[in-house]
Structures are given as structure tokens and as C-alpha cells.
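Student: input_33.cif is reproduced below (mmCIF, C-alpha atoms and all ligand atoms).
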```cif
data_query
#
loop_
_atom_site.label_atom_id
_atom_site.label_comp_id
_atom_site.auth_asym_id
_atom_site.auth_seq_id
_atom_site.Cartn_x
_atom_site.Cartn_y
_atom_site.Cartn_z
CA MET F 9 83.02 107.37 71.31
CA SER F 10 84.64 104.31 69.73
CA GLN F 11 88.30 103.89 70.64
CA GLY F 12 89.07 100.75 68.68
CA ARG F 13 89.37 97.10 69.58
CA ALA F 14 91.51 95.86 72.45
CA LEU F 15 92.69 92.32 73.13
CA ILE F 16 93.12 91.41 76.80
CA THR F 17 94.94 88.12 77.39
CA GLY F 18 93.98 86.87 80.84
CA GLY F 19 90.93 89.12 80.78
CA ALA F 20 88.94 86.76 83.02
CA GLY F 21 91.44 87.15 85.84
CA PHE F 22 91.40 89.59 88.74
CA LEU F 23 93.21 92.51 87.09
CA GLY F 24 92.25 91.58 83.53
CA SER F 25 88.54 91.70 84.30
CA HIS F 26 88.81 95.11 85.98
CA LEU F 27 90.70 96.28 82.91
CA CYS F 28 87.82 95.01 80.71
CA ASP F 29 85.40 97.18 82.70
CA ALA F 30 87.66 100.21 82.44
CA LEU F 31 88.30 99.89 78.69
CA LEU F 32 84.63 99.30 77.87
CA GLY F 33 83.92 102.38 80.02
CA GLU F 34 86.34 104.38 77.87
CA GLY F 35 84.60 103.30 74.65
CA TRP F 36 86.75 100.36 73.53
CA SER F 37 85.55 97.06 72.13
CA VAL F 38 87.20 94.26 74.06
CA VAL F 39 88.11 90.70 73.13
CA VAL F 40 89.31 88.50 75.97
CA VAL F 41 91.40 85.39 75.40
CA ASP F 42 91.72 83.30 78.54
CA ASN F 43 91.98 79.56 79.19
CA LEU F 44 90.42 79.94 82.67
CA LEU F 45 93.36 78.20 84.34
CA THR F 46 93.25 80.72 87.20
CA GLY F 47 90.76 83.21 85.74
CA ARG F 48 87.04 82.77 86.27
CA ARG F 49 84.03 83.12 84.02
CA ALA F 50 82.21 84.78 86.95
CA ASN F 51 84.55 87.79 86.65
CA ILE F 52 83.20 88.62 83.19
CA THR F 53 79.62 87.29 83.15
CA HIS F 54 78.32 90.82 83.75
CA LEU F 55 79.87 91.81 80.39
CA THR F 56 78.55 89.04 78.18
CA HIS F 57 75.46 91.02 77.12
CA ASP F 58 77.56 93.96 75.91
CA PRO F 59 77.82 93.65 72.08
CA ARG F 60 81.30 95.22 72.27
CA PHE F 61 82.57 92.35 74.42
CA GLU F 62 83.84 88.96 73.17
CA PHE F 63 85.25 86.05 75.11
CA VAL F 64 87.45 83.38 73.52
CA GLU F 65 88.36 80.43 75.72
CA LYS F 66 91.84 79.53 74.52
CA ASN F 67 95.34 78.97 75.77
CA ILE F 68 97.57 81.72 74.37
CA CYS F 69 100.54 79.34 74.49
CA GLN F 70 99.09 78.00 71.22
CA PRO F 71 99.17 80.40 68.23
CA PHE F 72 95.90 82.34 67.94
CA ASP F 73 94.37 85.07 65.81
CA VAL F 74 91.34 87.03 66.96
CA GLY F 75 91.42 89.41 64.01
CA LYS F 76 92.55 93.00 63.89
CA VAL F 77 93.11 94.73 67.19
CA ASP F 78 94.42 98.19 68.02
CA TYR F 79 95.80 97.46 71.48
CA VAL F 80 97.10 94.29 73.12
CA PHE F 81 96.98 94.14 76.90
CA HIS F 82 98.93 91.01 77.86
CA PHE F 83 97.74 90.02 81.34
CA ALA F 84 97.61 86.23 81.16
CA SER F 85 99.56 84.42 83.89
CA PRO F 86 99.00 82.68 87.19
CA ALA F 87 99.96 85.38 89.70
CA SER F 88 99.59 84.22 93.29
CA PRO F 89 102.39 82.15 94.82
CA GLU F 90 100.00 79.25 95.40
CA ASP F 91 98.78 79.35 91.80
CA TYR F 92 102.20 79.56 90.22
CA HIS F 93 103.54 76.81 92.46
CA ALA F 94 100.62 74.59 91.43
CA HIS F 95 101.08 75.52 87.74
CA GLY F 96 104.82 76.11 87.48
CA ILE F 97 105.29 74.82 83.92
CA GLU F 98 102.20 76.66 82.65
CA THR F 99 103.52 79.86 84.28
CA LEU F 100 106.82 79.53 82.42
CA GLN F 101 104.99 78.71 79.19
CA VAL F 102 102.62 81.65 79.30
CA GLY F 103 105.46 84.03 80.20
CA SER F 104 107.49 82.78 77.24
CA LEU F 105 105.32 81.24 74.46
CA GLY F 106 102.25 83.25 75.46
CA THR F 107 104.24 86.47 75.41
CA PHE F 108 105.62 85.70 71.92
CA HIS F 109 102.07 85.14 70.67
CA ALA F 110 100.77 88.33 72.28
CA LEU F 111 103.63 90.32 70.76
CA GLU F 112 103.19 88.65 67.35
CA THR F 113 99.57 89.83 67.43
CA ALA F 114 100.66 93.40 68.16
CA HIS F 115 103.33 93.17 65.44
CA LYS F 116 100.97 91.72 62.84
CA TYR F 117 98.24 94.33 63.34
CA GLY F 118 100.45 97.31 64.19
CA ALA F 119 98.75 97.43 67.60
CA LYS F 120 100.07 99.10 70.72
CA TYR F 121 101.00 96.74 73.55
CA LEU F 122 101.08 96.83 77.34
CA VAL F 123 102.22 93.92 79.48
CA SER F 124 101.63 93.28 83.17
CA SER F 125 104.98 92.62 84.75
CA THR F 126 105.72 92.44 88.44
CA SER F 127 107.75 93.62 91.39
CA GLU F 128 108.92 89.97 91.53
CA CYS F 129 111.43 91.03 88.88
CA TYR F 130 113.27 92.61 91.83
CA GLY F 131 113.20 89.31 93.78
CA ASP F 132 114.23 89.68 97.42
CA PRO F 133 115.53 93.20 96.81
CA LEU F 134 118.81 94.57 98.10
CA GLU F 135 117.79 98.08 97.03
CA HIS F 136 114.96 99.72 98.95
CA PRO F 137 112.62 101.18 97.81
CA GLN F 138 112.87 99.65 94.35
CA LYS F 139 113.44 101.91 91.34
CA GLU F 140 112.95 100.68 87.79
CA THR F 141 116.71 100.87 87.26
CA TYR F 142 117.35 98.14 89.89
CA TRP F 143 118.15 94.78 88.22
CA GLY F 144 116.93 92.66 91.09
CA HIS F 145 118.06 89.85 93.35
CA VAL F 146 116.36 86.71 92.12
CA ASN F 147 117.06 83.05 92.87
CA PRO F 148 116.86 81.48 89.38
CA VAL F 149 116.33 77.96 90.75
CA GLY F 150 114.23 78.60 93.88
CA PRO F 151 110.50 77.83 94.23
CA ARG F 152 109.48 81.31 93.08
CA SER F 153 111.65 81.21 89.97
CA VAL F 154 108.88 79.81 87.77
CA TYR F 155 107.12 83.16 88.14
CA ASP F 156 110.01 85.56 88.65
CA GLU F 157 112.03 84.30 85.71
CA ALA F 158 108.95 83.96 83.49
CA LYS F 159 108.20 87.62 84.08
CA ARG F 160 111.81 88.69 83.61
CA PHE F 161 111.81 86.78 80.33
CA THR F 162 108.49 88.43 79.43
CA GLU F 163 110.16 91.81 79.84
CA ALA F 164 113.14 90.68 77.75
CA VAL F 165 110.91 89.51 74.87
CA THR F 166 108.90 92.69 75.09
CA VAL F 167 111.90 95.03 74.78
CA ALA F 168 113.30 92.78 72.01
CA TYR F 169 110.11 93.22 69.95
CA ARG F 170 110.54 96.95 70.41
CA ARG F 171 114.21 96.85 69.37
CA TYR F 172 113.93 94.41 66.48
CA HIS F 173 110.37 94.99 65.21
CA ASN F 174 109.60 98.47 66.55
CA VAL F 175 106.46 97.26 68.36
CA ASP F 176 105.02 100.09 70.46
CA VAL F 177 105.37 98.47 73.91
CA ARG F 178 104.79 99.39 77.55
CA ILE F 179 105.71 97.45 80.71
CA ALA F 180 103.87 97.89 84.02
CA ARG F 181 105.65 96.49 87.07
CA ILE F 182 102.81 95.70 89.44
CA PHE F 183 103.21 95.60 93.22
CA ASN F 184 100.82 93.69 95.51
CA THR F 185 97.35 94.67 94.35
CA TYR F 186 94.10 93.69 96.05
CA GLY F 187 90.36 94.24 95.81
CA PRO F 188 87.10 92.61 94.73
CA ARG F 189 87.32 89.53 92.43
CA MET F 190 90.43 88.11 94.07
CA GLN F 191 89.94 84.43 94.70
CA ILE F 192 89.56 83.82 98.41
CA ARG F 193 91.62 80.62 98.14
CA ASP F 194 94.46 81.91 95.96
CA GLY F 195 96.72 82.03 99.00
CA ARG F 196 97.62 85.69 98.84
CA VAL F 197 97.81 87.59 102.05
CA VAL F 198 94.80 89.91 101.71
CA PRO F 199 92.26 87.26 100.63
CA ASN F 200 93.68 84.80 103.16
CA PHE F 201 93.38 87.27 106.05
CA MET F 202 89.94 88.52 104.96
CA ARG F 203 88.58 84.98 104.60
CA GLN F 204 90.09 83.88 107.90
CA ALA F 205 88.84 86.99 109.75
CA LEU F 206 85.34 86.71 108.32
CA SER F 207 85.03 83.02 109.15
CA GLY F 208 86.44 83.31 112.66
CA GLU F 209 89.59 81.35 111.82
CA GLU F 210 93.08 82.24 112.99
CA LEU F 211 95.00 84.60 110.71
CA THR F 212 98.11 82.75 109.49
CA ILE F 213 101.20 84.94 109.56
CA TYR F 214 104.15 83.40 107.76
CA GLY F 215 107.35 84.01 109.71
CA ASP F 216 107.24 86.73 112.38
CA GLY F 217 105.20 89.13 110.24
CA SER F 218 107.97 91.72 110.03
CA GLN F 219 108.37 91.28 106.25
CA THR F 220 106.79 94.17 104.36
CA ARG F 221 104.61 94.70 101.31
CA SER F 222 103.06 97.83 99.78
CA PHE F 223 99.43 97.27 98.87
CA CYS F 224 97.65 99.00 96.00
CA TYR F 225 93.87 99.06 95.66
CA VAL F 226 92.69 97.74 92.30
CA SER F 227 91.06 100.97 91.02
CA ASP F 228 94.31 102.89 91.57
CA GLU F 229 96.25 100.16 89.77
CA ILE F 230 93.89 100.22 86.78
CA ASP F 231 94.11 104.01 86.60
CA GLY F 232 97.90 103.59 86.43
CA PHE F 233 97.60 101.07 83.57
CA LEU F 234 95.33 103.36 81.55
CA ARG F 235 97.70 106.29 81.94
CA LEU F 236 100.69 104.13 81.00
CA ALA F 237 98.76 102.76 78.01
CA LYS F 238 98.34 106.31 76.69
CA SER F 239 101.98 107.25 77.29
CA ASP F 240 104.99 106.74 75.05
CA GLU F 241 107.22 105.18 77.72
CA HIS F 242 108.67 101.90 76.49
CA MET F 243 110.75 100.88 79.50
CA PRO F 244 109.30 99.46 82.76
CA VAL F 245 107.27 101.68 85.08
CA ASN F 246 106.44 100.74 88.69
CA ILE F 247 102.71 100.94 89.33
CA GLY F 248 102.12 100.36 93.02
CA ASN F 249 101.25 102.09 96.26
CA PRO F 250 104.44 103.24 98.02
CA THR F 251 103.02 103.04 101.56
CA GLU F 252 104.71 100.05 103.15
CA PHE F 253 103.18 97.81 105.83
CA SER F 254 104.54 94.88 107.77
CA ILE F 255 102.42 91.75 107.35
CA LEU F 256 101.58 91.96 111.07
CA GLU F 257 100.26 95.52 110.55
CA CYS F 258 98.23 94.26 107.61
CA ALA F 259 96.73 91.50 109.80
CA LYS F 260 95.78 94.05 112.46
CA LEU F 261 94.10 96.29 109.88
CA VAL F 262 92.08 93.34 108.56
CA LEU F 263 90.92 92.57 112.10
CA LYS F 264 89.93 96.22 112.57
CA VAL F 265 88.05 96.53 109.27
CA THR F 266 86.20 93.22 109.66
CA GLY F 267 85.57 93.69 113.39
CA SER F 268 86.78 90.10 113.80
CA LYS F 269 87.98 88.58 117.07
CA SER F 270 90.17 86.03 115.27
CA GLN F 271 93.54 85.24 116.80
CA ILE F 272 96.87 85.31 114.99
CA ARG F 273 98.86 82.11 114.40
CA TYR F 274 102.50 82.17 113.34
CA VAL F 275 103.56 79.54 110.81
CA PRO F 276 106.90 78.97 109.03
CA LEU F 277 108.00 81.46 106.39
CA PRO F 278 108.10 80.02 102.85
CA GLN F 279 111.52 79.77 101.15
CA ASP F 280 112.74 82.92 99.34
CA ASP F 281 109.85 85.03 100.67
CA PRO F 282 111.00 88.62 99.94
CA ARG F 283 111.83 90.53 103.15
CA GLN F 284 110.58 93.86 101.94
CA ARG F 285 108.95 95.46 98.97
CA GLN F 286 108.15 99.08 98.27
CA PRO F 287 107.94 100.76 94.88
CA ASP F 288 109.70 104.00 94.12
CA ILE F 289 106.99 105.62 91.98
CA THR F 290 108.84 108.81 91.07
CA LYS F 291 108.79 107.76 87.40
CA ALA F 292 105.02 107.13 87.35
CA ARG F 293 104.37 110.40 89.18
CA GLN F 294 106.47 112.45 86.78
CA LEU F 295 105.62 110.66 83.58
CA LEU F 296 101.97 109.79 84.09
CA GLY F 297 100.88 112.24 86.80
CA TRP F 298 99.74 109.09 88.61
CA GLU F 299 99.37 108.74 92.34
CA PRO F 300 97.44 106.08 94.26
CA ARG F 301 94.57 107.59 96.25
CA ILE F 302 93.17 104.75 98.32
CA ASP F 303 95.02 103.74 101.47
CA LEU F 304 95.01 100.17 102.78
CA GLU F 305 92.31 100.67 105.39
CA LYS F 306 89.97 102.32 102.90
CA GLY F 307 90.69 99.69 100.25
CA LEU F 308 89.97 96.88 102.71
CA ARG F 309 86.65 98.58 103.57
CA LEU F 310 85.82 98.89 99.86
CA SER F 311 86.57 95.17 99.45
CA LEU F 312 84.66 94.00 102.52
CA ASP F 313 81.29 93.28 100.88
CA PHE F 314 82.95 91.26 98.14
CA PHE F 315 84.86 89.09 100.61
CA LYS F 316 81.79 88.66 102.83
CA GLN F 317 79.82 87.41 99.85
CA ALA F 318 82.63 85.14 98.66
CA VAL F 319 82.92 83.57 102.12
CA ALA F 320 79.13 83.14 102.32
CA GLU F 321 79.02 81.53 98.86
CA GLU F 322 81.77 79.13 99.80
CA SER F 323 79.95 77.97 102.92
CA THR F 324 76.59 77.54 101.14
CA PRO F 325 76.02 73.88 100.23
CA LYS F 326 75.72 73.51 96.45
N1 LIG J 401 101.59 85.84 103.98
C1 LIG J 401 101.24 85.58 105.30
N2 LIG J 401 100.11 84.85 105.52
C2 LIG J 401 99.31 84.38 104.54
C3 LIG J 401 99.66 84.66 103.18
C4 LIG J 401 100.82 85.39 102.95
O1 LIG J 401 101.92 85.98 106.24
O2 LIG J 401 98.29 83.74 104.85
C5 LIG J 401 102.79 86.65 103.72
C6 LIG J 401 103.77 86.06 102.72
O3 LIG J 401 104.70 85.22 103.37
C7 LIG J 401 104.43 87.29 102.15
C8 LIG J 401 103.33 88.33 102.20
O4 LIG J 401 102.37 87.85 103.13
O5 LIG J 401 105.48 87.72 102.97
C9 LIG J 401 102.65 88.58 100.85
O6 LIG J 401 102.32 87.32 100.33
P1 LIG J 401 101.46 87.15 99.01
O7 LIG J 401 101.35 85.67 98.77
O8 LIG J 401 100.20 87.92 99.11
O9 LIG J 401 102.30 87.83 97.84
P2 LIG J 401 103.87 87.98 97.49
O10 LIG J 401 104.14 89.43 97.68
O11 LIG J 401 104.69 87.15 98.41
O12 LIG J 401 103.95 87.54 96.09
#
```
I need this file expressed as C-alpha cells, please.
Ligand code: UDP

Tutor:
Amino acid sequence: MSQGRALITGGAGFLGSHLCDALLGEGWSVVVVDNLLTGRRANITHLTHDPRFEFVEKNICQPFDVGKVDYVFHFASPASPEDYHAHGIETLQVGSLGTFHALETAHKYGAKYLVSSTSECYGDPLEHPQKETYWGHVNPVGPRSVYDEAKRFTEAVTVAYRRYHNVDVRIARIFNTYGPRMQIRDGRVVPNFMRQALSGEELTIYGDGSQTRSFCYVSDEIDGFLRLAKSDEHMPVNIGNPTEFSILECAKLVLKVTGSKSQIRYVPLPQDDPRQRQPDITKARQLLGWEPRIDLEKGLRLSLDFFKQAVAEESTPK
């Protein structure tokens, strides 16, 4: 059944491309706009033969018009610390200019809108676990600020378009999500550990590994987005797995799942690395009936073939 036409900015990225699959599966036509700064064509090549799928290679920081759409999913942004450090100005631009353009599209066509925000809005949180009502503890001039403040600004523009133009918006605050199609060199902890374990290298733990994160498998995350997209909630909703792990525990699980004999090496902790992060998902549970189903060990097992192949491809001479 046809659902209408959805625009996904950043649709060639990790989450954006999984969202393409899910929306096409639900009967939508999908147009992706992505400049491939951190997204990859390989994430969407399996869709190019679907007549309901279009790809436009374009930077959304420039004004654009892809014609009438019924839903705007605004997912474009560098997202890993390594990527947003390498592309700090572009990260600020896409969070600001790109967000205006995505919202203008929704406004022009009367489309619904959902934006991917982040737990980074909470910074290095003083409240634990983090509820949506917490305003955060963010260093506005630290190395992470290009991402944190871009996303906080994204949220501000989004609620302003709701207040001033009555755009029908939704805001998903995403917590560390992992799974197939992550780039093995994007510097995030799961791809780093998987790549290191599968190639017999030492696993690099930053700091003493006692800092925590709560990891959500990609299919759970996408299920959360789809439910939020269908809801009428206009304020932010945490979409993440509330089970918290220390980074050392995460390293040990990766060694278990890969069967690797790699050693652990401790290296200095980056500046402003959040000490802990765990979503309070009461709002998502009550509002969306959403609950993540895949625990970290299972999710790592589900991701194993992808990472094995990515490591093999990298070591194959071109
Ligand atoms: N981390 C680590 N080793 C790595 C990569 C990351 O110990 O090889 C740590 C990092 O310092 C942070 C956590 O793992 O405390 C999650 O880092 P990631 O870059 O995945 O995402 P973040 O939640 O910091 O945005």
C-alpha cells in the first residue's frame, strides 16, 4: 500500500540507510539527499533498482527542492566523534543551515517532520539516567561542542518551526546505536573494538574504561523512530537502550563474541568524554509502547558477519 513520499536527509548514512529500508518496507517512496561526506553509496546500492527509491547527491546546507514530500526525516550530520572533529564546520553548518532547509521543505509541502537528535544534548550529564526534561551539561567551547551545540541548535530550530509555523515536528534523542553499516574506521567504540578484535590488534580503551554507555541495536532504534514518526509528540523523546555498560565490559563482550585473543591497551581519555550515559525511556515506553529487545551480546552477534566482511574487504588489496 502506498504511504506517500518521504525525504531522508543523510539517507546514505548508517541510520539513514536503515531507515530507507524500513520506510520502503512500509510502502513509502523514498528520496534521499546526501552529500556523501560521511555517508556511503554502498549503504544504498541495494535500493537503486527499486523504482520507489531516488538518490540526490547534494549538500543540504544549500537550498534544495526535491518536489512534494509527505514526510521529512532529517538525519544528515557527521555523528561519530572522529567524523565531527574532522568536519567541525560542516557539522555546525548542517545542524543549522541544513536544519533550516529541511524544515523549510516540511513547511512548504505541509509534510510531517522527524529529526535525529542525540544524547549529546545532555553533554557530560549531572543527572543520571537522563530524562528528556534534563537541560544538560555541555561545554560550549570544548572539542565536542561542534556536534553538541549543533544538535542543541537543531532542536531549537525544530521547536521554533512548530511554534511559529505550526510544522508537525518530532525529535528523537538517540543514544549510542550500533550495527551493520557502521564504518569500521569512524572511531566509535563498537566498530573500533570489533575491527581490532577481528584483526588481532589490541583493543584501545580510552581512560580506565569505567565510563559508561548504553548501546542500542539498530533495528530497535529504527523501530523507535517509526513509532515516534506515527505519534503526535512534538517534544524530544529518548530512543535508546537503557542497559548501561562500562566500556571495559563492552570490550570484554566483544572479545567473547568474536572469540578473539586480543589484549586490551589503555590510552588517554579524550577531553570532555562523558562519564556516563543512560537514557530514561519511560516516555518512549508510555507514549510509543516501545522497548528495545536486543541486548548488547545478541546485537554484537548479529553484527559479526558485517564486521568480518568489512575487515576482510579492508585488507584485500584493491
Ligand atoms: N572509546 C574507547 N575506545 C575506543 C573508542 C571509544 O574506549 O576505541 C570510548 C570513548 O572514550 C567513550 C566511549 O568509548 O567513552 C564511547 O565512544 P564513542 O566514540 O563510540 O561515542 P560517544 O558516546 O563518546 O559519542

Student: Got a sec to check which residues lie within 6 Å of ligand LIG 401 (chain J), using all atoms listed in the file, and send them as a PDB file with C-alpha atoms, in the frame of the given file?

Tutor:
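Once written, pocket.pdb looks like this:
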```
ATOM      1  CA  SER F  88      99.590  84.220  93.290  1.00  0.00           C
ATOM      2  CA  PRO F  89     102.390  82.150  94.820  1.00  0.00           C
ATOM      3  CA  ASN F 184     100.820  93.690  95.510  1.00  0.00           C
ATOM      4  CA  GLY F 195      96.720  82.030  99.000  1.00  0.00           C
ATOM      5  CA  ARG F 196      97.620  85.690  98.840  1.00  0.00           C
ATOM      6  CA  VAL F 197      97.810  87.590 102.050  1.00  0.00           C
ATOM      7  CA  ASN F 200      93.680  84.800 103.160  1.00  0.00           C
ATOM      8  CA  THR F 212      98.110  82.750 109.490  1.00  0.00           C
ATOM      9  CA  ILE F 213     101.200  84.940 109.560  1.00  0.00           C
ATOM     10  CA  TYR F 214     104.150  83.400 107.760  1.00  0.00           C
ATOM     11  CA  GLN F 219     108.370  91.280 106.250  1.00  0.00           C
ATOM     12  CA  ILE F 255     102.420  91.750 107.350  1.00  0.00           C
ATOM     13  CA  LEU F 277     108.000  81.460 106.390  1.00  0.00           C
ATOM     14  CA  ASP F 281     109.850  85.030 100.670  1.00  0.00           C
TER      15      ASP F 281
END
```

Student: Which of these, F:Thr113, F:Asn43, F:Asn51, F:Asn174, has the shortest distance to F:Gly75 once you count all atoms listed in the file?

Tutor: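 Looking only at the distances to F:Gly75, the closest residue turns out to be F:Thr113.
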
Student: What is the distance, in Å and to one decimal place, between atom CA of F:Gln11 and atom CA of F:Leu27?

Tutor: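 Value for the atom CA of F:Gln11-atom CA of F:Leu27 distance: 14.6 Å.
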
Student: Could you tell me how far atom CA of F:Arg203 sits from atom CA of F:Asp313, in Å to one decimal place?

Tutor: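 Computing it gives 11.7 Å between the two atoms.
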
Student: Fewer than 3 positions away in the same chain doesn't count, so skip those; otherwise give me all residues within 9 Å of F:Val74, counting only C-alpha atoms, as number ranges by chain.

Tutor: F: 15, 39, 41, 64, 77, 113

Student: Compare F:Glu34, F:Glu163, F:Asp132, F:Asp216 by their minimum atom-to-atom distance to F:Arg273, counting all atoms listed in the file, and give me the closest one.

Tutor: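 The shortest atom-to-atom distance to F:Arg273 comes from F:Asp216.
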
Student: Interatomic distance between atom CA of F:Gln294 and atom CA of F:Trp143?

Tutor: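 Interatomic distance here is 21.2 Å.
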
Student: Give me, as a VMD selection string, all polymer residues having an atom no more than 8 Å from F:Glu241, counting all atoms listed in the file and skipping those fewer than 4 positions away in the same chain.

Tutor: chain F and resid 177 to 178 236

Student: When you count only C-alpha atoms, which of these residues is closest to F:Ser268: F:Leu211, F:Val123, F:Ile52, F:Ala14?

Tutor: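 Closest candidate: F:Leu211.
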
Student: Which residue, F:Gly232, F:Pro71, F:Pro188, F:Pro325, has the smallest gap to F:His109 when you use all atoms listed in the file?

Tutor: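 Once distances to F:His109 are computed over all atoms listed in the file, the minimum belongs to F:Pro71.
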
Student: Here is a test: counting only C-alpha atoms, which residue of F:Ser270, F:Gln279, F:Ser124, F:Gln191 is nearest to F:Asn147?

Tutor: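 Among the listed residues, F:Gln279 lies closest to F:Asn147.
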
Student: Leaving out F:Ile302 and any residue of its chain fewer than 6 positions from it, which residues lie within 9 Å of it when counting only C-alpha atoms, given as a list in words?

Tutor: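 Here the answer would be Cys224, Tyr225, Ser227, Asp228 and Asn249 of chain F.
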
Student: Extract, using all atoms listed in the file, all DNA, RNA and protein residues at most 12 Å from F:Phe201, discarding same-chain residues fewer than 5 positions from it, and format them as a PyMOL selection string.

Tutor: chain F and resi 186+192-196+206-214+255-266+268+270-273+308+312+315+319

Student: Which of these, F:Thr290, F:Thr17, F:Arg48, F:Asp78, has the shortest distance to F:Gly118 once you count all atoms listed in the file?

Tutor: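 Ranking F:Thr290, F:Thr17, F:Arg48, F:Asp78 by distance to F:Gly118, first place goes to F:Asp78.
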
Student: Where's the centre, and what are the edge lengths in Å to one decimal, of a box along x, y and z enclosing all listed atoms of stretch 206-225 of chain F padded 5 Å per side, as JSON?

Tutor:
```
{"center_x": 96.7, "center_y": 90.2, "center_z": 104.3, "size_x": 33.3, "size_y": 27.7, "size_z": 27.3}
```

Student: Skip F:Ile179 itself and residues of its chain fewer than 3 positions away, then list as a ChimeraX atom specification all residues within 10 Å of it, counting only C-alpha atoms.

Tutor: /F:82,121-126,162-163,166-167,182,233,236-237,241-247

Student: Would you mind exporting stretch 115-142 of chain F with N, CA and C atoms, as a PDB file, in the first residue's frame?

Tutor:
```
ATOM      1  N   HIS F 115       7.699  22.709   5.818  1.00  0.00           N
ATOM      2  CA  HIS F 115       6.762  23.837   5.888  1.00  0.00           C
ATOM      3  C   HIS F 115       6.095  24.063   4.529  1.00  0.00           C
ATOM      4  N   LYS F 116       6.930  24.066   3.484  1.00  0.00           N
ATOM      5  CA  LYS F 116       6.422  24.351   2.129  1.00  0.00           C
ATOM      6  C   LYS F 116       5.379  23.334   1.690  1.00  0.00           C
ATOM      7  N   TYR F 117       5.665  22.037   1.975  1.00  0.00           N
ATOM      8  CA  TYR F 117       4.781  20.979   1.456  1.00  0.00           C
ATOM      9  C   TYR F 117       3.783  20.468   2.500  1.00  0.00           C
ATOM     10  N   GLY F 118       3.771  21.090   3.669  1.00  0.00           N
ATOM     11  CA  GLY F 118       2.852  20.621   4.713  1.00  0.00           C
ATOM     12  C   GLY F 118       3.187  19.204   5.160  1.00  0.00           C
ATOM     13  N   ALA F 119       4.484  18.863   5.095  1.00  0.00           N
ATOM     14  CA  ALA F 119       4.906  17.498   5.446  1.00  0.00           C
ATOM     15  C   ALA F 119       5.151  17.371   6.948  1.00  0.00           C
ATOM     16  N   LYS F 120       5.014  16.154   7.443  1.00  0.00           N
ATOM     17  CA  LYS F 120       5.435  15.877   8.818  1.00  0.00           C
ATOM     18  C   LYS F 120       6.965  15.838   8.845  1.00  0.00           C
ATOM     19  N   TYR F 121       7.530  15.894  10.035  1.00  0.00           N
ATOM     20  CA  TYR F 121       8.983  16.044  10.155  1.00  0.00           C
ATOM     21  C   TYR F 121       9.469  15.312  11.398  1.00  0.00           C
ATOM     22  N   LEU F 122      10.552  14.575  11.223  1.00  0.00           N
ATOM     23  CA  LEU F 122      11.219  13.944  12.380  1.00  0.00           C
ATOM     24  C   LEU F 122      12.715  14.176  12.245  1.00  0.00           C
ATOM     25  N   VAL F 123      13.340  14.633  13.317  1.00  0.00           N
ATOM     26  CA  VAL F 123      14.783  14.891  13.266  1.00  0.00           C
ATOM     27  C   VAL F 123      15.514  13.955  14.229  1.00  0.00           C
ATOM     28  N   SER F 124      16.709  13.527  13.787  1.00  0.00           N
ATOM     29  CA  SER F 124      17.563  12.725  14.666  1.00  0.00           C
ATOM     30  C   SER F 124      18.379  13.680  15.519  1.00  0.00           C
ATOM     31  N   SER F 125      18.062  13.719  16.803  1.00  0.00           N
ATOM     32  CA  SER F 125      18.900  14.454  17.735  1.00  0.00           C
ATOM     33  C   SER F 125      19.730  13.435  18.520  1.00  0.00           C
ATOM     34  N   THR F 126      20.245  13.820  19.652  1.00  0.00           N
ATOM     35  CA  THR F 126      21.261  12.981  20.280  1.00  0.00           C
ATOM     36  C   THR F 126      21.310  13.154  21.792  1.00  0.00           C
ATOM     37  N   SER F 127      21.768  12.117  22.436  1.00  0.00           N
ATOM     38  CA  SER F 127      22.040  12.179  23.876  1.00  0.00           C
ATOM     39  C   SER F 127      23.142  13.182  24.183  1.00  0.00           C
ATOM     40  N   GLU F 128      23.913  13.591  23.146  1.00  0.00           N
ATOM     41  CA  GLU F 128      24.957  14.607  23.371  1.00  0.00           C
ATOM     42  C   GLU F 128      24.355  15.927  23.824  1.00  0.00           C
ATOM     43  N   CYS F 129      23.051  16.116  23.589  1.00  0.00           N
ATOM     44  CA  CYS F 129      22.387  17.312  24.122  1.00  0.00           C
ATOM     45  C   CYS F 129      22.530  17.368  25.646  1.00  0.00           C
ATOM     46  N   TYR F 130      22.697  16.214  26.280  1.00  0.00           N
ATOM     47  CA  TYR F 130      22.859  16.177  27.741  1.00  0.00           C
ATOM     48  C   TYR F 130      24.313  16.402  28.157  1.00  0.00           C
ATOM     49  N   GLY F 131      25.247  16.363  27.190  1.00  0.00           N
ATOM     50  CA  GLY F 131      26.662  16.591  27.491  1.00  0.00           C
ATOM     51  C   GLY F 131      27.210  15.531  28.431  1.00  0.00           C
ATOM     52  N   ASP F 132      28.025  15.988  29.391  1.00  0.00           N
ATOM     53  CA  ASP F 132      28.544  15.095  30.436  1.00  0.00           C
ATOM     54  C   ASP F 132      27.546  15.225  31.595  1.00  0.00           C
ATOM     55  N   PRO F 133      26.534  14.357  31.633  1.00  0.00           N
ATOM     56  CA  PRO F 133      25.332  14.679  32.413  1.00  0.00           C
ATOM     57  C   PRO F 133      25.527  14.618  33.928  1.00  0.00           C
ATOM     58  N   LEU F 134      24.882  15.558  34.610  1.00  0.00           N
ATOM     59  CA  LEU F 134      24.889  15.558  36.073  1.00  0.00           C
ATOM     60  C   LEU F 134      23.642  14.855  36.606  1.00  0.00           C
ATOM     61  N   GLU F 135      22.699  14.583  35.725  1.00  0.00           N
ATOM     62  CA  GLU F 135      21.509  13.815  36.108  1.00  0.00           C
ATOM     63  C   GLU F 135      21.638  12.432  35.486  1.00  0.00           C
ATOM     64  N   HIS F 136      21.302  11.397  36.268  1.00  0.00           N
ATOM     65  CA  HIS F 136      21.501  10.034  35.769  1.00  0.00           C
ATOM     66  C   HIS F 136      20.411   9.108  36.296  1.00  0.00           C
ATOM     67  N   PRO F 137      19.755   8.333  35.450  1.00  0.00           N
ATOM     68  CA  PRO F 137      19.760   8.386  33.994  1.00  0.00           C
ATOM     69  C   PRO F 137      19.154   9.697  33.486  1.00  0.00           C
ATOM     70  N   GLN F 138      19.281   9.926  32.179  1.00  0.00           N
ATOM     71  CA  GLN F 138      18.843  11.206  31.637  1.00  0.00           C
ATOM     72  C   GLN F 138      17.390  11.142  31.152  1.00  0.00           C
ATOM     73  N   LYS F 139      16.591  12.037  31.721  1.00  0.00           N
ATOM     74  CA  LYS F 139      15.200  12.215  31.249  1.00  0.00           C
ATOM     75  C   LYS F 139      15.185  13.354  30.237  1.00  0.00           C
ATOM     76  N   GLU F 140      14.138  13.398  29.430  1.00  0.00           N
ATOM     77  CA  GLU F 140      14.028  14.438  28.401  1.00  0.00           C
ATOM     78  C   GLU F 140      13.954  15.832  29.014  1.00  0.00           C
ATOM     79  N   THR F 141      13.546  15.917  30.268  1.00  0.00           N
ATOM     80  CA  THR F 141      13.388  17.221  30.917  1.00  0.00           C
ATOM     81  C   THR F 141      14.726  17.804  31.369  1.00  0.00           C
ATOM     82  N   TYR F 142      15.792  16.986  31.365  1.00  0.00           N
ATOM     83  CA  TYR F 142      17.122  17.467  31.792  1.00  0.00           C
ATOM     84  C   TYR F 142      17.717  18.370  30.702  1.00  0.00           C
TER      85      TYR F 142
END
```
